[in-house]
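**Q** Got a file for you: model.cif, mmCIF, C-alpha atoms (C1' of nucleotides).
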data_my_file
#
loop_
_atom_site.label_atom_id
_atom_site.label_comp_id
_atom_site.auth_asym_id
_atom_site.auth_seq_id
_atom_site.Cartn_x
_atom_site.Cartn_y
_atom_site.Cartn_z
CA MET A 139 0.00 0.00 0.00
CA SER A 140 1.33 3.41 -0.88
CA LEU A 141 2.15 5.67 2.03
CA ALA A 142 1.53 8.86 0.08
CA GLU A 143 0.08 11.58 2.29
CA PRO A 144 -3.53 11.62 1.09
CA GLN A 145 -3.98 8.04 2.28
CA HIS A 146 -3.19 9.14 5.77
CA ALA A 147 -5.17 12.32 5.97
CA PHE A 148 -7.79 10.82 8.24
CA LEU A 149 -5.33 8.99 10.48
CA SER A 150 -3.20 12.13 10.78
CA HIS A 151 -6.29 13.88 11.99
CA VAL A 152 -7.19 11.21 14.51
CA PHE A 153 -3.68 11.08 15.95
CA HIS A 154 -3.19 14.79 15.88
CA GLY A 155 -1.48 15.84 19.09
CA VAL A 156 -0.10 12.39 19.87
CA PRO A 157 3.70 12.74 20.19
CA PHE A 158 4.76 10.09 17.68
CA THR A 159 8.10 10.22 15.89
CA SER A 160 7.46 10.11 12.18
CA ALA A 161 8.73 6.53 12.03
CA GLU A 162 6.28 5.60 14.76
CA PHE A 163 3.43 7.30 12.99
CA GLU A 164 4.22 5.33 9.84
CA ARG A 165 4.21 2.07 11.78
CA VAL A 166 0.92 2.95 13.38
CA ALA A 167 -0.72 4.11 10.16
CA GLU A 168 0.34 0.98 8.31
CA ALA A 169 -1.33 -1.19 10.90
CA TYR A 170 -4.77 0.22 10.11
CA GLU A 171 -6.71 -1.00 7.12
CA ARG A 172 -9.34 1.05 5.37
CA VAL A 173 -12.70 -0.71 5.15
CA ALA A 174 -15.91 0.46 3.52
CA PHE A 175 -19.25 -0.90 4.70
CA SER A 176 -22.83 -0.45 3.63
CA LYS A 177 -26.01 0.36 5.46
CA GLY A 178 -27.25 -2.49 7.59
CA ALA A 179 -23.88 -4.26 7.73
CA MET A 180 -23.02 -5.90 11.05
CA LEU A 181 -19.54 -4.87 12.16
CA LEU A 182 -19.82 -7.08 15.23
CA GLN A 183 -22.30 -9.77 16.16
CA GLU A 184 -23.32 -11.23 19.49
CA GLY A 185 -21.37 -14.42 20.24
CA GLN A 186 -18.33 -13.38 18.22
CA CYS A 187 -15.09 -12.26 19.77
CA ALA A 188 -14.20 -8.71 18.77
CA ASN A 189 -10.97 -9.27 16.86
CA ASP A 190 -10.49 -5.68 15.91
CA TYR A 191 -11.55 -2.18 16.68
CA ALA A 192 -11.96 0.68 14.24
CA LEU A 193 -11.69 4.41 13.80
CA LEU A 194 -14.78 5.75 12.10
CA GLU A 195 -14.20 8.09 9.18
CA ARG A 196 -17.68 8.34 7.68
CA GLY A 197 -21.11 6.98 8.54
CA MET A 198 -22.90 6.26 11.76
CA LEU A 199 -23.14 3.08 13.78
CA ARG A 200 -25.37 1.75 16.51
CA ALA A 201 -24.45 -0.75 19.23
CA PHE A 202 -27.14 -2.78 20.90
CA ALA A 203 -27.66 -5.79 23.13
CA VAL A 204 -30.68 -8.04 23.32
CA ASP A 205 -32.06 -8.39 26.83
CA PRO A 206 -33.61 -11.54 28.35
CA GLU A 207 -37.08 -10.55 27.14
CA GLY A 208 -35.79 -10.27 23.60
CA GLN A 209 -35.86 -6.48 23.68
CA ASP A 210 -33.27 -4.67 21.62
CA ARG A 211 -31.43 -2.16 23.88
CA THR A 212 -29.27 0.47 22.26
CA THR A 213 -26.04 0.83 24.22
CA GLY A 214 -24.40 3.47 22.10
CA PHE A 215 -23.99 5.34 18.85
CA PHE A 216 -20.76 6.00 17.01
CA LEU A 217 -20.15 9.16 15.01
CA PRO A 218 -17.29 10.01 12.63
CA GLY A 219 -13.98 10.52 14.43
CA GLN A 220 -14.93 8.17 17.23
CA ILE A 221 -13.45 4.84 18.21
CA VAL A 222 -15.64 1.88 17.45
CA ILE A 223 -14.89 -0.82 19.98
CA GLU A 224 -16.55 -3.29 22.26
CA VAL A 225 -14.08 -2.89 25.09
CA ALA A 226 -14.81 -6.03 27.09
CA SER A 227 -14.69 -8.45 24.18
CA PHE A 228 -11.70 -6.85 22.49
CA PHE A 229 -9.49 -6.74 25.57
CA MET A 230 -10.69 -9.84 27.37
CA ARG A 231 -10.70 -11.94 24.20
CA ARG A 232 -14.09 -13.43 24.78
CA PRO A 233 -17.48 -13.51 23.05
CA THR A 234 -19.46 -10.31 23.13
CA ARG A 235 -23.12 -9.80 23.96
CA GLU A 236 -23.32 -6.76 21.78
CA ASN A 237 -23.99 -6.06 18.15
CA ILE A 238 -22.68 -3.16 16.13
CA GLN A 239 -24.55 -2.25 12.99
CA ALA A 240 -24.11 0.37 10.29
CA MET A 241 -26.94 2.89 10.04
CA ASP A 242 -25.57 4.25 6.76
CA ASP A 243 -22.92 3.45 4.21
CA GLY A 244 -19.53 4.46 5.59
CA VAL A 245 -15.82 3.98 5.99
CA CYS A 246 -13.65 3.00 8.91
CA TRP A 247 -10.04 2.08 9.64
CA ARG A 248 -9.61 -1.27 11.27
CA ILE A 249 -6.78 -2.76 13.34
CA SER A 250 -6.54 -6.32 14.63
CA PHE A 251 -5.97 -7.17 18.27
CA ASP A 252 -2.54 -8.65 17.53
CA ARG A 253 -1.31 -5.60 15.72
CA PHE A 254 -2.78 -3.39 18.39
CA GLN A 255 -0.92 -5.34 21.08
CA THR A 256 2.37 -5.00 19.25
CA LEU A 257 1.99 -1.24 18.93
CA PHE A 258 0.68 -0.90 22.47
CA HIS A 259 3.68 -2.62 23.99
CA SER A 260 6.32 -1.08 21.75
CA ILE A 261 5.30 2.56 21.37
CA GLU A 262 4.86 4.59 24.52
CA ALA A 263 2.90 7.37 22.85
CA TYR A 264 0.51 4.85 21.33
CA ARG A 265 -0.20 3.28 24.66
CA GLU A 266 -0.77 6.62 26.32
CA TRP A 267 -3.18 7.42 23.52
CA GLY A 268 -4.92 4.07 23.85
CA ARG A 269 -5.25 4.32 27.59
CA GLY A 270 -6.54 7.84 27.24
CA CYS A 271 -9.28 6.68 24.87
CA LEU A 272 -10.32 3.98 27.28
CA VAL A 273 -10.41 6.43 30.16
CA GLU A 274 -12.46 8.88 28.16
CA GLN A 275 -15.02 6.22 27.30
CA PHE A 276 -15.08 5.18 30.91
CA PHE A 277 -15.80 8.72 31.99
CA ALA A 278 -18.56 9.14 29.43
CA LEU A 279 -20.18 5.91 30.52
CA LYS A 280 -20.07 6.96 34.14
CA GLN A 281 -21.74 10.24 33.37
CA ARG A 282 -24.41 8.50 31.36
CA SER A 283 -24.96 6.12 34.20
CA LEU A 284 -25.28 8.94 36.73
CA SER A 285 -27.61 10.84 34.44
CA MET A 286 -29.85 7.78 34.31
CA ILE A 287 -30.29 8.05 38.06
CA THR A 288 -30.27 11.79 38.53
CA ASP A 289 -32.15 13.17 35.54
CA SER A 290 -35.65 12.70 34.20
CA ALA A 291 -36.24 11.24 30.76
CA THR A 292 -37.00 14.71 29.40
CA GLU A 293 -33.75 16.09 30.76
CA ARG A 294 -31.77 13.21 29.29
CA TYR A 295 -33.39 13.80 25.91
CA GLN A 296 -32.64 17.49 25.96
CA GLN A 297 -29.07 16.84 26.94
CA LEU A 298 -28.61 14.40 24.08
CA LEU A 299 -30.18 16.88 21.74
CA ALA A 300 -27.81 19.58 22.92
CA THR A 301 -24.62 17.53 22.85
CA GLN A 302 -25.18 15.12 19.96
CA PRO A 303 -27.99 16.38 17.77
CA GLU A 304 -26.84 14.16 14.89
CA ILE A 305 -28.03 11.15 16.82
CA VAL A 306 -31.49 12.51 17.48
CA GLN A 307 -31.80 13.64 13.89
CA GLN A 308 -30.51 10.55 12.14
CA ALA A 309 -31.39 7.60 14.33
CA ALA A 310 -34.82 5.97 14.47
CA LEU A 311 -36.94 7.20 17.34
CA LYS A 312 -37.16 3.78 18.91
CA HIS A 313 -33.39 3.45 18.95
CA VAL A 314 -32.94 6.82 20.57
CA ALA A 315 -35.61 5.85 23.08
CA SER A 316 -33.92 2.62 24.07
CA TYR A 317 -30.62 4.48 24.35
CA LEU A 318 -32.29 6.89 26.76
CA GLY A 319 -33.79 3.99 28.67
CA ILE A 320 -37.43 4.72 27.85
CA THR A 321 -40.08 3.41 25.46
CA ASP A 322 -40.65 4.83 22.02
CA THR A 323 -44.13 5.88 23.13
CA SER A 324 -42.68 8.01 25.91
CA LEU A 325 -40.05 9.55 23.71
CA SER A 326 -42.67 10.49 21.16
CA ARG A 327 -44.62 12.35 23.84
CA ILE A 328 -41.52 13.97 25.31
CA ARG A 329 -40.43 15.17 21.91
CA LYS A 330 -43.84 16.70 21.36
CA ALA A 331 -43.81 18.42 24.75
CA VAL A 332 -40.33 19.80 24.15
CA ALA A 333 -41.24 21.07 20.68
CA THR A 334 -44.42 22.92 21.76
CA PRO A 335 -43.66 25.13 24.76
CA MET B 401 11.44 -0.92 54.39
CA SER B 402 12.20 -4.57 54.84
CA LEU B 403 11.21 -6.82 51.97
CA ALA B 404 10.69 -9.87 54.14
CA GLU B 405 7.87 -12.07 52.84
CA PRO B 406 5.15 -11.32 55.40
CA GLN B 407 5.12 -7.65 54.36
CA HIS B 408 4.12 -8.72 50.89
CA ALA B 409 1.52 -11.33 51.68
CA PHE B 410 -1.34 -9.13 50.58
CA LEU B 411 0.38 -7.82 47.46
CA SER B 412 1.39 -11.35 46.49
CA HIS B 413 -2.23 -12.26 46.71
CA VAL B 414 -3.40 -9.32 44.63
CA PHE B 415 -0.83 -9.95 41.91
CA HIS B 416 -1.26 -13.68 41.94
CA GLY B 417 -1.26 -14.95 38.38
CA VAL B 418 0.45 -11.88 36.95
CA PRO B 419 3.60 -13.11 35.16
CA PHE B 420 6.19 -10.91 36.89
CA THR B 421 9.81 -11.94 37.21
CA SER B 422 10.75 -11.85 40.87
CA ALA B 423 12.78 -8.70 40.32
CA GLU B 424 9.74 -7.07 38.73
CA PHE B 425 7.53 -8.13 41.58
CA GLU B 426 9.96 -6.57 44.05
CA ARG B 427 9.96 -3.31 42.12
CA VAL B 428 6.19 -3.29 42.03
CA ALA B 429 5.76 -4.20 45.67
CA GLU B 430 8.19 -1.51 46.78
CA ALA B 431 6.18 1.12 44.99
CA TYR B 432 3.11 0.54 47.15
CA GLU B 433 2.86 2.01 50.60
CA ARG B 434 0.74 0.57 53.36
CA VAL B 435 -1.73 3.07 54.82
CA ALA B 436 -4.19 2.59 57.65
CA PHE B 437 -7.29 4.77 57.85
CA SER B 438 -10.13 5.11 60.29
CA LYS B 439 -13.88 5.19 59.94
CA GLY B 440 -15.16 8.36 58.33
CA ALA B 441 -11.81 9.30 56.77
CA MET B 442 -11.98 10.85 53.30
CA LEU B 443 -9.59 9.09 50.94
CA LEU B 444 -10.51 11.46 48.15
CA GLN B 445 -12.44 14.70 48.14
CA GLU B 446 -14.32 16.54 45.44
CA GLY B 447 -12.15 19.19 43.81
CA GLN B 448 -8.89 17.38 44.51
CA CYS B 449 -6.91 15.60 41.86
CA ALA B 450 -6.57 11.87 42.57
CA ASN B 451 -2.82 11.56 43.01
CA ASP B 452 -2.86 7.90 43.84
CA TYR B 453 -4.96 4.81 43.75
CA ALA B 454 -5.03 2.02 46.29
CA LEU B 455 -5.50 -1.70 46.74
CA LEU B 456 -7.88 -2.34 49.60
CA GLU B 457 -6.76 -4.91 52.15
CA ARG B 458 -9.30 -4.40 54.94
CA GLY B 459 -12.35 -2.23 55.45
CA MET B 460 -15.07 -0.93 53.20
CA LEU B 461 -15.34 2.33 51.29
CA ARG B 462 -18.07 4.30 49.63
CA ALA B 463 -17.73 6.63 46.66
CA PHE B 464 -20.29 9.34 46.09
CA ALA B 465 -20.93 12.48 44.12
CA VAL B 466 -23.13 15.40 45.03
CA ASP B 467 -25.67 16.26 42.33
CA PRO B 468 -26.89 19.76 41.41
CA GLU B 469 -29.75 19.56 43.94
CA GLY B 470 -27.27 18.78 46.69
CA GLN B 471 -28.25 15.12 46.81
CA ASP B 472 -25.57 12.65 47.77
CA ARG B 473 -25.44 9.91 45.08
CA THR B 474 -23.49 6.76 45.85
CA THR B 475 -21.51 5.75 42.77
CA GLY B 476 -19.85 2.68 44.20
CA PHE B 477 -18.64 0.61 47.11
CA PHE B 478 -15.20 -0.89 47.54
CA LEU B 479 -14.62 -4.22 49.26
CA PRO B 480 -11.34 -5.84 50.33
CA GLY B 481 -9.25 -7.05 47.39
CA GLN B 482 -10.63 -4.38 45.10
CA ILE B 483 -8.92 -1.46 43.46
CA VAL B 484 -9.85 1.91 44.87
CA ILE B 485 -9.55 4.46 42.13
CA GLU B 486 -11.32 7.37 40.57
CA VAL B 487 -10.38 6.56 37.02
CA ALA B 488 -11.08 9.87 35.33
CA SER B 489 -9.23 12.04 37.82
CA PHE B 490 -6.29 9.68 38.26
CA PHE B 491 -5.59 9.22 34.57
CA MET B 492 -6.63 12.60 33.25
CA ARG B 493 -4.88 14.47 36.04
CA ARG B 494 -7.73 16.76 36.79
CA PRO B 495 -10.04 17.55 39.74
CA THR B 496 -12.58 14.93 40.61
CA ARG B 497 -16.27 15.35 41.34
CA GLU B 498 -16.32 12.32 43.56
CA ASN B 499 -15.63 11.63 47.19
CA ILE B 500 -14.37 8.39 48.66
CA GLN B 501 -14.99 7.79 52.32
CA ALA B 502 -14.15 4.98 54.75
CA MET B 503 -17.15 3.20 56.23
CA ASP B 504 -14.94 1.40 58.75
CA ASP B 505 -11.38 1.37 59.97
CA GLY B 506 -9.19 -0.32 57.40
CA VAL B 507 -5.94 -0.72 55.53
CA CYS B 508 -4.96 -0.12 51.94
CA TRP B 509 -1.81 -0.03 49.80
CA ARG B 510 -1.28 3.19 47.95
CA ILE B 511 0.74 4.07 44.86
CA SER B 512 1.30 7.53 43.40
CA PHE B 513 0.54 8.42 39.80
CA ASP B 514 4.23 8.99 39.04
CA ARG B 515 5.32 5.66 40.37
CA PHE B 516 2.42 4.01 38.60
CA GLN B 517 3.46 5.59 35.32
CA THR B 518 7.03 4.37 35.68
CA LEU B 519 5.92 0.81 36.31
CA PHE B 520 3.29 0.97 33.61
CA HIS B 521 5.71 2.01 30.92
CA SER B 522 8.59 -0.22 31.99
CA ILE B 523 6.98 -3.53 32.94
CA GLU B 524 4.85 -5.24 30.32
CA ALA B 525 3.12 -7.56 32.78
CA TYR B 526 2.21 -4.63 34.99
CA ARG B 527 0.62 -2.75 32.16
CA GLU B 528 -1.33 -5.78 31.04
CA TRP B 529 -2.54 -6.13 34.61
CA GLY B 530 -3.42 -2.45 34.83
CA ARG B 531 -5.25 -2.42 31.55
CA GLY B 532 -7.10 -5.55 32.58
CA CYS B 533 -8.30 -3.88 35.77
CA LEU B 534 -9.54 -0.89 33.86
CA VAL B 535 -11.36 -3.09 31.38
CA GLU B 536 -12.96 -5.08 34.16
CA GLN B 537 -14.22 -1.93 35.81
CA PHE B 538 -15.49 -0.73 32.49
CA PHE B 539 -17.39 -3.94 31.96
CA ALA B 540 -18.91 -3.83 35.44
CA LEU B 541 -20.01 -0.24 34.91
CA LYS B 542 -21.61 -1.12 31.61
CA GLN B 543 -23.56 -3.94 33.15
CA ARG B 544 -24.71 -1.70 35.97
CA SER B 545 -25.75 0.89 33.45
CA LEU B 546 -27.73 -1.63 31.40
CA SER B 547 -29.33 -3.04 34.52
CA MET B 548 -30.51 0.45 35.38
CA ILE B 549 -32.47 0.49 32.15
CA THR B 550 -33.55 -3.10 31.87
CA ASP B 551 -34.36 -4.16 35.42
CA SER B 552 -36.82 -2.92 38.00
CA ALA B 553 -35.63 -1.54 41.33
CA THR B 554 -36.60 -4.81 43.02
CA GLU B 555 -34.58 -6.85 40.56
CA ARG B 556 -31.57 -4.61 41.00
CA TYR B 557 -31.79 -4.96 44.76
CA GLN B 558 -32.04 -8.73 44.60
CA GLN B 559 -29.11 -8.90 42.25
CA LEU B 560 -26.99 -6.80 44.57
CA LEU B 561 -28.05 -8.96 47.47
CA ALA B 562 -27.06 -12.09 45.55
CA THR B 563 -23.71 -10.86 44.27
CA GLN B 564 -22.49 -8.53 47.01
CA PRO B 565 -24.41 -9.19 50.20
CA GLU B 566 -21.72 -7.47 52.29
CA ILE B 567 -22.81 -4.16 50.83
CA VAL B 568 -26.46 -4.62 51.68
CA GLN B 569 -25.59 -5.84 55.16
CA GLN B 570 -23.01 -3.24 56.09
CA ALA B 571 -23.96 -0.06 54.32
CA ALA B 572 -26.65 2.33 55.50
CA LEU B 573 -29.97 1.81 53.75
CA LYS B 574 -29.96 5.27 52.25
CA HIS B 575 -26.56 4.69 50.68
CA VAL B 576 -27.59 1.39 49.16
CA ALA B 577 -30.73 3.11 47.89
CA SER B 578 -28.86 5.89 46.14
CA TYR B 579 -26.47 3.32 44.67
CA LEU B 580 -29.49 1.50 43.22
CA GLY B 581 -30.88 4.77 41.93
CA ILE B 582 -33.96 4.89 44.16
CA THR B 583 -35.04 6.69 47.32
CA ASP B 584 -34.54 5.27 50.78
CA THR B 585 -38.31 5.13 51.17
CA SER B 586 -38.64 2.86 48.16
CA LEU B 587 -35.81 0.62 49.21
CA SER B 588 -37.35 0.22 52.64
CA ARG B 589 -40.59 -1.00 51.03
CA ILE B 590 -38.79 -3.23 48.52
CA ARG B 591 -36.79 -4.82 51.27
CA LYS B 592 -39.96 -5.51 53.21
CA ALA B 593 -41.69 -7.01 50.17
CA VAL B 594 -38.69 -9.22 49.39
CA ALA B 595 -38.45 -10.41 53.01
CA THR B 596 -42.13 -11.38 53.34
CA PRO B 597 -43.20 -13.57 50.42
"C1'" DA C 264 -48.94 2.37 -8.84
"C1'" DG C 265 -50.38 -0.50 -5.07
"C1'" DT C 266 -49.70 -3.31 -1.33
"C1'" DA C 267 -47.07 -4.48 2.67
"C1'" DT C 268 -44.16 -3.17 6.45
"C1'" DT C 269 -42.19 -0.45 9.45
"C1'" DT C 270 -42.19 3.84 12.08
"C1'" DC C 271 -44.32 7.26 14.60
"C1'" DT C 272 -48.28 9.39 17.09
"C1'" DT C 273 -52.17 9.42 20.17
"C1'" DG C 274 -55.56 7.95 23.61
"C1'" DA C 275 -57.11 5.46 27.86
"C1'" DC C 276 -55.63 3.12 31.61
"C1'" DT C 277 -52.11 0.91 34.96
"C1'" DT C 278 -48.09 0.79 37.75
"C1'" DA C 279 -43.74 1.79 39.88
"C1'" DT C 280 -41.55 5.08 42.18
"C1'" DG C 281 -41.18 9.72 44.21
"C1'" DA C 282 -42.54 13.46 47.60
"C1'" DC C 283 -43.95 14.75 51.86
"C1'" DA C 284 -44.96 14.04 56.51
"C1'" DA C 285 -45.42 11.61 60.88
"C1'" DG C 286 -43.85 8.28 64.00
"C1'" DG C 287 -40.68 4.64 66.12
"C1'" DC C 288 -36.33 3.27 67.68
"C1'" DA C 289 -31.58 3.21 68.64
"C1'" DG C 290 -27.38 5.47 70.29
"C1'" DC C 291 -25.48 9.90 72.30
"C1'" DT C 292 -24.72 13.52 75.45
"C1'" DC C 293 -25.74 16.12 79.49
"C1'" DG D 1268 -33.58 9.53 82.50
"C1'" DA D 1269 -34.60 13.60 79.38
"C1'" DG D 1270 -33.72 15.27 75.37
"C1'" DC D 1271 -31.04 15.10 70.92
"C1'" DT D 1272 -30.05 13.37 66.55
"C1'" DG D 1273 -29.76 10.26 62.85
"C1'" DC D 1274 -31.75 6.24 60.62
"C1'" DC D 1275 -35.48 3.54 59.18
"C1'" DT D 1276 -40.46 2.57 58.46
"C1'" DT D 1277 -45.11 3.60 57.13
"C1'" DG D 1278 -49.16 6.16 55.29
"C1'" DT D 1279 -51.22 9.14 51.85
"C1'" DC D 1280 -51.09 11.20 47.70
"C1'" DA D 1281 -48.82 12.78 43.22
"C1'" DT D 1282 -46.52 11.86 38.93
"C1'" DA D 1283 -43.52 9.94 35.42
"C1'" DA D 1284 -43.30 6.42 32.59
"C1'" DG D 1285 -45.12 1.84 30.92
"C1'" DT D 1286 -48.72 -1.05 28.56
"C1'" DC D 1287 -51.94 -1.95 25.20
"C1'" DA D 1288 -54.25 -0.78 21.22
"C1'" DA D 1289 -55.64 1.89 17.18
"C1'" DG D 1290 -54.51 4.90 13.51
"C1'" DA D 1291 -51.59 7.79 10.46
"C1'" DA D 1292 -47.56 8.42 7.94
"C1'" DA D 1293 -43.63 7.13 5.83
"C1'" DT D 1294 -40.72 3.32 3.41
"C1'" DA D 1295 -39.81 -0.52 1.08
"C1'" DC D 1296 -41.24 -4.26 -2.20
"C1'" DT D 1297 -43.20 -6.18 -6.46
#
How would this structure read if it were set down as structure tokens?

**A**
Amino acid sequence: MSLAEPQHAFLSHVFHGVPFTSAEFERVAEAYERVAFSKGAMLLQEGQCANDYALLERGMLRAFAVDPEGQDRTTGFFLPGQIVIEVASFFMRRPTRENIQAMDDGVCWRISFDRFQTLFHSIEAYREWGRGCLVEQFFALKQRSLSMITDSATERYQQLLATQPEIVQQAALKHVASYLGITDTSLSRIRKAVATP
Amino acid sequence: MSLAEPQHAFLSHVFHGVPFTSAEFERVAEAYERVAFSKGAMLLQEGQCANDYALLERGMLRAFAVDPEGQDRTTGFFLPGQIVIEVASFFMRRPTRENIQAMDDGVCWRISFDRFQTLFHSIEAYREWGRGCLVEQFFALKQRSLSMITDSATERYQQLLATQPEIVQQAALKHVASYLGITDTSLSRIRKAVATP
DNA sequence: AGTATTTCTTGACTTATGACAAGGCAGCTC
DNA sequence: GAGCTGCCTTGTCATAAGTCAAGAAATACT
């Protein structure tokens, strides 16, 4: 694969600010593989082990788990620039209970667990970056979790609308609802109430 | 400090299964400092930066955050053998919004961020261990978060009772309640309903 | 185009949980 | 032992959100 600059434009952007030497950056960039996917594609399926994670360049993804009653619960959305990963399965090398599905056509950059491990253990800046990503996700999850306890459904909706309007606009109402932890019926009413003051 | 075996009994136990060379284990063990604390002590306070994390040998701790209405929300409990850490503050080096308080007299083993960093970047087994801990906590938080959406308050209580009875037995009802995301009034009723079938 | 399917809205009713308030009970201090 | 104070329980009532069911609107399928 050619290493001409344009190929790396997206990766340069993602790793902007990470103190790689240029040799290190080349090693890192080479380890990622560009993959296009189309709407509806499953990037990860329940029961599989997550053998890679990805950096999302274009498109939007939804992660969901199926609960004991067979209900589909949205656990997260992924927007361009974000890291697409099922942390537990990827790092613990065991089957996942989650699914990740493409909501649109899109493009991501994939890296296998083995290649990730090699980079993680040999490049200090890469491992600081990786740990930082994990910590950031952890923090976000904790806030979401707290919000679930502290805030009403309406407040959670308004917060989502304020911080990530793309999700509210592009995702199906029922998926947004299950992400917020409420039924689609409730979200429909909340949305109406919020719209007409 | 003497490195005689008995000093390290607890640390040996915690790091059991981690593939350290014996020289590595000595370096790791030396980096931790034994600290005793008494009931009511604050191990971390809102506004501070978490400059260390600890391995809990004896005692029980509670972490909580104060929400905008001034309500005290329990975010977690720590039992012996567990890692006591406020992930976001420790790794991002910024002030925390959480408090960690001792519920009893106890003992923990503390390590500073700087010493942690040195070990993390120089000992592969230590960083695998550290990453594994973080991933485990992440997974637990995700499950808790999902449970908040999927399960009723009663189910959450019963699950806590089944998996961590020490918490239900030792912690004040109001703290367990706020950990479960309900009021103390509700938990009191749930507990009664569960007890009398 | 025309039918089928999914997605969203709305209404009527139920239910879990919260809010407030009063009382009981233990452990303290004086 | 009287009086605090903090913790838990209980009663009454209020409310957010769920359930079920029927339509409307949008999408996809042939």

**Q** Taking only C-alpha atoms (C1' of nucleotides) into account, which residues of chain B are within 10 Å of chain D, as a list of chain:residue names?

**A**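 Every residue meeting the condition is included here: B:Ala572, B:Leu573, B:Lys574, B:Asp584, B:Thr585, B:Ser588, B:Arg589, B:Lys592.
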
**Q** Would you kindly report the residues of chain B within 8 Å of chain A, using all atoms listed in the file, as a count of residues only?

**A** 23

**Q** Taking the file as shown, what set of residues would the PyMOL selection byres ((chain B and resi 457) around 10) give back, as JSON, numbers by chain?

**A** {"B": [410, 411, 414, 434, 435, 436, 454, 455, 456, 458, 459, 460, 479, 480, 481, 482, 483, 506, 507, 508, 509]}

**Q** Give me the chain C side of the contact with chain B, cut-off 12 Å, one line per residue showing its nearest atom pair and distance in Å at one decimal, counting all atoms listed in the file, sorted by chain and residue number, as JSON lines.

**A**
{"residue": "C:DT278", "atom": "C1'", "partner": "B:Ser552", "partner_atom": "CA", "distance": 11.9}
{"residue": "C:DA279", "atom": "C1'", "partner": "B:Ser552", "partner_atom": "CA", "distance": 8.6}
{"residue": "C:DT280", "atom": "C1'", "partner": "B:Ser586", "partner_atom": "CA", "distance": 7.0}
{"residue": "C:DG281", "atom": "C1'", "partner": "B:Thr583", "partner_atom": "CA", "distance": 7.5}
{"residue": "C:DA282", "atom": "C1'", "partner": "B:Thr585", "partner_atom": "CA", "distance": 10.0}
{"residue": "C:DC283", "atom": "C1'", "partner": "B:Thr585", "partner_atom": "CA", "distance": 11.2}

**Q** Could you state the separation of atom CA of Ile590 of chain B and atom CA of Ala562 of chain B in Å, given to one decimal place?

**A** 15.0 Å

**Q** I'd like the neighbourhood of Phe420 of chain B as a JSON list (two decimals) with C-alpha atoms, in the coordinates of the input, where a residue qualifies if any of its atoms comes within 10 Å (using only C-alpha atoms (C1' of nucleotides)), though same-chain residues fewer than 5 positions away should be ignored.

**A**
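So the final result, stored in selection_26.json, reads:
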[["chain", "number", "residue", "atom", "x", "y", "z"],
["B", 415, "PHE", "CA", -0.83, -9.95, 41.91],
["B", 425, "PHE", "CA", 7.53, -8.13, 41.58],
["B", 426, "GLU", "CA", 9.96, -6.57, 44.05],
["B", 427, "ARG", "CA", 9.96, -3.31, 42.12],
["B", 428, "VAL", "CA", 6.19, -3.29, 42.03],
["B", 523, "ILE", "CA", 6.98, -3.53, 32.94],
["B", 524, "GLU", "CA", 4.85, -5.24, 30.32],
["B", 525, "ALA", "CA", 3.12, -7.56, 32.78],
["B", 526, "TYR", "CA", 2.21, -4.63, 34.99]]

**Q** For a quick check of understanding, using all atoms listed in the file, which of A:His313, A:Arg329, A:His146, A:Lys177 has the smallest distance to Ala240 of chain A?

**A**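 Nearest to Ala240 of chain A: A:Lys177.
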
**Q** Using all atoms listed in the file, which residues sit within 6 Å of Arg248 of chain A once same-chain residues fewer than 2 positions away are excluded, as a PyMOL selection string?

**A** chain A and resi 170-171+191-192

**Q** Which residues, named as in the file, does the PyMOL selection byres ((chain A and resi 199) around 6) pick out? Answer as number ranges by chain.

**A** A: 198, 200, 215-216, 239-241

**Q** Could you tell me which residues the PyMOL selection byres ((chain A and resi 186) around 9) returns for this structure, as a PyMOL selection string?

**A** chain A and resi 182-185+187-189+227+232-235

**Q** Could you write those residues out with C-alpha atoms, as a PDB file, in the coordinates of the input?

**A**
ATOM      1  CA  LEU A 182     -19.820  -7.080  15.230  1.00  0.00           C
ATOM      2  CA  GLN A 183     -22.300  -9.770  16.160  1.00  0.00           C
ATOM      3  CA  GLU A 184     -23.320 -11.230  19.490  1.00  0.00           C
ATOM      4  CA  GLY A 185     -21.370 -14.420  20.240  1.00  0.00           C
ATOM      5  CA  CYS A 187     -15.090 -12.260  19.770  1.00  0.00           C
ATOM      6  CA  ALA A 188     -14.200  -8.710  18.770  1.00  0.00           C
ATOM      7  CA  ASN A 189     -10.970  -9.270  16.860  1.00  0.00           C
ATOM      8  CA  SER A 227     -14.690  -8.450  24.180  1.00  0.00           C
ATOM      9  CA  ARG A 232     -14.090 -13.430  24.780  1.00  0.00           C
ATOM     10  CA  PRO A 233     -17.480 -13.510  23.050  1.00  0.00           C
ATOM     11  CA  THR A 234     -19.460 -10.310  23.130  1.00  0.00           C
ATOM     12  CA  ARG A 235     -23.120  -9.800  23.960  1.00  0.00           C
TER      13      ARG A 235
END

**Q** Atom CA of Thr518 of chain B to atom CA of Ala423 of chain B: how many Å, to one decimal?

**A**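 These two atoms are separated by 15.0 Å.
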